Amino acid sequence: MEKMLVGCFLLLLGQILLLPAEARQRPRSRSISRGRHSRTHPQTALLESSCENKRADLVFIIDSSRSVNTHDYAKVKEFIMDILQFLDIGPDITRVGLLQYGSTVKNEFSLKTFKRKSEVERAVKRMRHLSTGTMTGLAIQYALNIAFSEAEGARPLRENVPRVIMIVTDGRPQDSVAEVAAKARDTGILIFAIGVGQVDLNTLKAIGSEPHEDHVFLVANFSQMESLTSVFQNKLCMAHMCSLLEHNCAHFCINTPGSYVCRCKQGYILNVDQTTCRIQDLCAAEDHGCEQLCVNLLGSFVCQCYSGYSLAEDGKRCVAVDYCASENHGCEHECVNAEGSFACRCPKGFSLNPDKKTCTKIDYCASPNHGCQHECVNTDDSYSCRCLKGFTLNPDQKTCRRINYCALKKPGCEHECVNTEEGYYCRCHRGYNLDPNGKTCSRLDPCALGDHGCEHSCVSSGDSFVCQCLEGYLLREDGKTCRRKDVCQAVDHGCEHICVNSGESYSCKCLEGFRLAEDGKRCRRKDICKSTHHGCEHICVHRGDSYICKCSEGFILAEDGRRCKRCSEGPIDLVFVIDGSKSLGEDNFEIVKQFVTGIIDSLVVSPKAARVGLLQYSTQVRTEFTLRNFSSAKDMKKAVAHMKYMGKGSMTGLALKHMFERSFTQLEGARPLSARVPRVAIVFTDGRAQDDVAEWASKAKANGITMYAVGVGKAIEEELQEIASKPTDKHLFYAEDFSTMGEISEKLKKGICEALEDSDGSQDSPAGELPKRGHQPAESEPVSINIQDLLSCSNFAVQHRYLFEEDSLSRSAQKLSHATKPSGSPLEDKPDECKCENLIMFQNLANEEVRKLTQRLEEMTQRMEALENRLRYR
């Protein structure tokens with residue numbers, strides 16, 4: 001009651017002294033002119049004096065959705081211009097900012113942008129209609145997090161400068177507004193809510209400050225907004241008691257017309273003295289519903305259970321813990337619940353191991369007393385004896401005896417019966433052969449006796465024999481041994497170079513420096529890569545009379561033109577921009593961290609090779625580490641592992657702005673542009689951005705930063721395309737869920753590797769050539785092309801149309817210099833023969849030069865457009 005009386009007294013005293021103060025301090029008059037017509041308000045002099053030297057931070061939030069037509073949008077701008085007339089605008093008095101919102105939020109200008117009223121008016125006139133959705137809650141969130149931050153021009157809370165939002169809307173929000181508006185009011189922001197047309201009054205009350213009759217206004221159409229000008233003149237120019245009086249509010253002081261009230265932070269309630277605050281004891285309420293224990297949290301509570309119980313899914317009831325129901329009880333076979341714990345049990349024939357969890361089958365045969373002569377076999381609860389093949393078990397079921405098949409089956413062998421493991425067979429005496437019936441025996445012929453002495457084969461002839469040789473051999477004079485025939489002399493072998501006898505046949509061979517053709521007879525000159533010590537580390541490619549070295553995928557050619565190095569060893573400045581919004585979730589955030597670690601593992605991290613930085617963003621941007629912080633992958637991955645999840649909004653545009661303005665500066669470790677080190681940014685997001693991404697993505701790409709966009713789940717394709725560099729099929733990756741992050745990681749590694757290969761120059765440097773070609777010009781020597789030689793080619797008319805088609809031809813320039821050298825060239829040695837491979841080299845060289853010039857023209861055009869945009873906004 002006492003503070004209310006003091007407030008009323010100060011208000012009356014200010015009105016009594018108002019007119020004389022204006023007469024002394026502001027003898028000149030002001031005219032209100034906006035170009036379309038002039039209008040003077042009845043209380044202009046009084047109100048202008050009231051707002052003179054008035055300190056306030058005022059932010060307009062304007063509905064720019066598609067439901068606001070062009071005429072109504074112009075009325076809103078007139079209303080803002082009317083409000084500006086009675087404000088005393090300047091850095092030390094009233095600061096003004098303005099946001100437009102539709103499906104996203106556009107910051108037209110912030111509290112720090114303009115210092116004079118004329119500049120603010122000019123910016124209002126230039127505003128353009130967004131014509132999209134109605135995300136009112138998103139706009140209030142932007143104002144709370146960004147517009148009223150000290151970085152955007154808001155004065156610190158300790159200075160007690162009133163913070164005011166004036167929001168204009170004509171429809172129902174497409175998002176939630178009550179919670180974010182309450183947060184804004186709880187931080188001390190005074191909100192005026194103006195509804196036009198068919199606006200839900202309850203929605204306006206959820207936005208505006210209390211008392212609602214002073215802060216919530218509803219008019220039938222946009223033309224009637226003009227009637228509110230004088231109302232806001234009184235309210236905005238009225239003295240703010242929180243800044244005039246010693247209010248003693250423990251948390252927040254909220255201005256009301258002519259007075260003030262104290263408010264507490266979320267989770268606290270106001271004491272009886274209406275000034276101090278205490279923590280709200282929600283567990284003291286009888287309806288908390290907890291079955292066993294209730295534990296207070298700041299602004300909330302949680303239910304807990306006694307030992308041996310766990311909380312049910314409803315978060316209220318408690319159920320006895322089934323320890324065996326857990327998947328990690330560890331029992332191999334059977335789990336048995338016990339009081340406060342569990343025990344493991346094994347089935348029959350198994351015993352519990354010392355770890356009290358796993359089971360081992362009992363090995364009865366391990367005992368030395370089983371008595372089995374041959375083999376012991378375990379059964380479920382005992383063992384049995386088994387004999388080897390060809391033996392049978394004796395009645396004692398332990399010892400074994402051999403099976404006598406000859407005695408059992410009596411096969412009737414004429415000479416001998418021989419036992420085997422599985423049966424028997426008949427055998428004849430020496431000099432006899434077993435008959436087909438397998439039982440009787442017949443005397444062998446002379447050759448069968450084995451003492452005939454023939455080297456190759458013996459042919460029986462009555463009671464004697466003769467020796468014969470295999471095909472391709474001749475019998476010697478001794479009638480027993482054989483010698484090889486000379487097949488190469490005996491047949492028309494057709495070998496171009498050398499015929500070599502090979503057993504009963506022959507093979508063709510070539511002279512040194514040649515290799516055998518596919519027909520096995522003719523000879524071709526050898527592949528240089530196979531006939532010389534080329535020295536290529538990975539791949540040698542034959543090129544006529546010379547060769548070049550190439551590298552496998554994932555490698556690039558070293559400076560010596562022979563060795564290969566991983567493309568990850570090349571220099572690169574890489575910055576990750578990682579979405580840490582609440583829609584991601586902590587589990588998926590860990591997957592993203594593994595994704596980042598995988599990319600780092602593919603690089604060689606060092607000050608001279610890869611430098612890596614990382615930003616995390618939600619409603620704010622946090623630099624986890626810069627390009628200069630770490631010089632080893634181990635320390636970098638440790639920093640990624642300890643990275644904390646932010647879990648709030650998704651201000652992607654703000655993150656791109658931070659990345660462009662700070663992350664690639666030399667202060668944060670980026671190498672200068674003159675070093676020509678590739679600059680790469682990998683932007684990860686899982687949902688819609690709450691601000692504009694196009695502006696800062698375009699600036700980054702225009703300034704030489706290669707942008708990779710990685711989207712998962714609810715990420716918006718249009719936003720990913722705005723972020724990604726061209727072509728988007730190489731720089732944009734999307735997955736419906738996090739299960740395919742590994743595939744995206746591999747594609748990203750390959751893309752970065754290809755980019756490093758392109759920046760490293762030609763990969764087909766000549767590595768060697770035949771010794772007899774003579775001197776060749778070095779790489780630095782200019783290539784001279786003899787056009788007369790090219791024109792002498794008989795099929796030049798067919799080939800010339802390819803001269804300027806795109807191809808990777810800069811690598812052919814060096815080969816062309818070999819083919820068109822002044823002396824000893826194929827064109828001079830054989831002027832009548834057209835070497836069209838020279839023409840193809842010329843064609844490739846021309847195409848490469850055209851491609852490079854086209855790329856440079858595109859880069860210059862992008863830079864000119866970026867420069868024009870900067871000049872336009874200045």
# chains A, B, ... in the order shown; residues from 1 in each chain; ligands from 1
call {"tool": "residues_around", "arguments": {"residues": "segment 395-397 of chain A", "least_positions_apart": "2", "cutoff": "8 Å", "atoms": "only C-alpha atoms", "output": "list in words"}}
result
Cys385, Leu393 and Thr399 of chain A
call {"tool": "write_last_selection", "arguments": {"atoms": "N, CA and C atoms", "output": "PDB file, in the first residue's frame"}}
result
ATOM      1  N   CYS A 385      32.383 -95.980 -23.348  1.00  0.00           N
ATOM      2  CA  CYS A 385      33.627 -96.277 -24.047  1.00  0.00           C
ATOM      3  C   CYS A 385      33.328 -96.582 -25.513  1.00  0.00           C
ATOM      4  N   LEU A 393      33.852-103.565 -29.201  1.00  0.00           N
ATOM      5  CA  LEU A 393      33.910-103.488 -27.735  1.00  0.00           C
ATOM      6  C   LEU A 393      33.700-104.862 -27.123  1.00  0.00           C
ATOM      7  N   THR A 399      37.340-102.566 -22.811  1.00  0.00           N
ATOM      8  CA  THR A 399      38.436-102.966 -23.686  1.00  0.00           C
ATOM      9  C   THR A 399      37.918-103.296 -25.077  1.00  0.00           C
TER      10      THR A 399
END
call {"tool": "residues_around", "arguments": {"residues": "segment 656-664 of chain A", "least_positions_apart": "3", "cutoff": "8 Å", "atoms": "only C-alpha atoms", "output": "list in words"}}
result
Asp573, Val575, Val577, Gly613, Leu615, Val621, Thr626, Leu627, Thr652, Gly653, Glu668, Gly669, Ala670, Arg679, Val693, Trp696, Ala697, Lys699 and Ala700 of chain A
call {"tool": "residues_around", "arguments": {"residues": "Ile140 of chain A", "least_positions_apart": "3", "cutoff": "8 Å", "atoms": "only C-alpha atoms", "output": "MDAnalysis selection string"}}
result
chainID A and resid 61 136:137 143:144 177 180:181 184
call {"tool": "select_by_dssp", "arguments": {"residues": "segment 611-758 of chain A", "states": "alpha helix (DSSP H)", "output": "NGL selection string"}}
result
:A and (633-641 or 652-658 or 694-702 or 717-723 or 728-731 or 741-758)
call {"tool": "closest_residue", "arguments": {"among": "A:Ala866, A:Leu853, A:Cys318, A:Leu720", "to": "Gly687 of chain A", "atoms": "only C-alpha atoms"}}
result
A:Leu720
call {"tool": "select_by_dssp", "arguments": {"residues": "segment 528-767 of chain A", "states": "strand (DSSP E or B)", "output": "PyMOL selection string"}}
result
chain A and resi 539-543+546-550+555-557+564-566+572-579+581+605+610-617+621-625+648+679-685+705-712+732-735+766-767
call {"tool": "residues_around", "arguments": {"residues": "segment 199-208 of chain A", "least_positions_apart": "3", "cutoff": "10 Å", "atoms": "only C-alpha atoms", "output": "PyMOL selection string"}}
result
chain A and resi 136-137+140+165-173+176-182+184-185+190-196+211-220
call {"tool": "residues_around", "arguments": {"residues": "segment 324-329 of chain A", "least_positions_apart": "6", "cutoff": "9 Å", "atoms": "only C-alpha atoms", "output": "list of chain:residue names"}}
result
A:Cys335, A:Val336, A:Asn337, A:Ser341, A:Phe342, A:Ala343, A:Cys344, A:Lys357
call {"tool": "residues_around", "arguments": {"residues": "segment 244-255 of chain A", "least_positions_apart": "4", "cutoff": "8 Å", "atoms": "only C-alpha atoms", "output": "PyMOL selection string"}}
result
chain A and resi 186-190+239-240+259-265+275-277
call {"tool": "residues_around", "arguments": {"residues": "Val680 of chain A", "least_positions_apart": "6", "cutoff": "6 Å", "atoms": "only C-alpha atoms", "output": "ChimeraX atom specification"}}
result
/A:574,705-706
call {"tool": "closest_residue", "arguments": {"among": "A:Thr360, A:Thr623, A:Thr94, A:Ser209", "to": "Phe576 of chain A", "atoms": "only C-alpha atoms"}}
result
A:Thr623
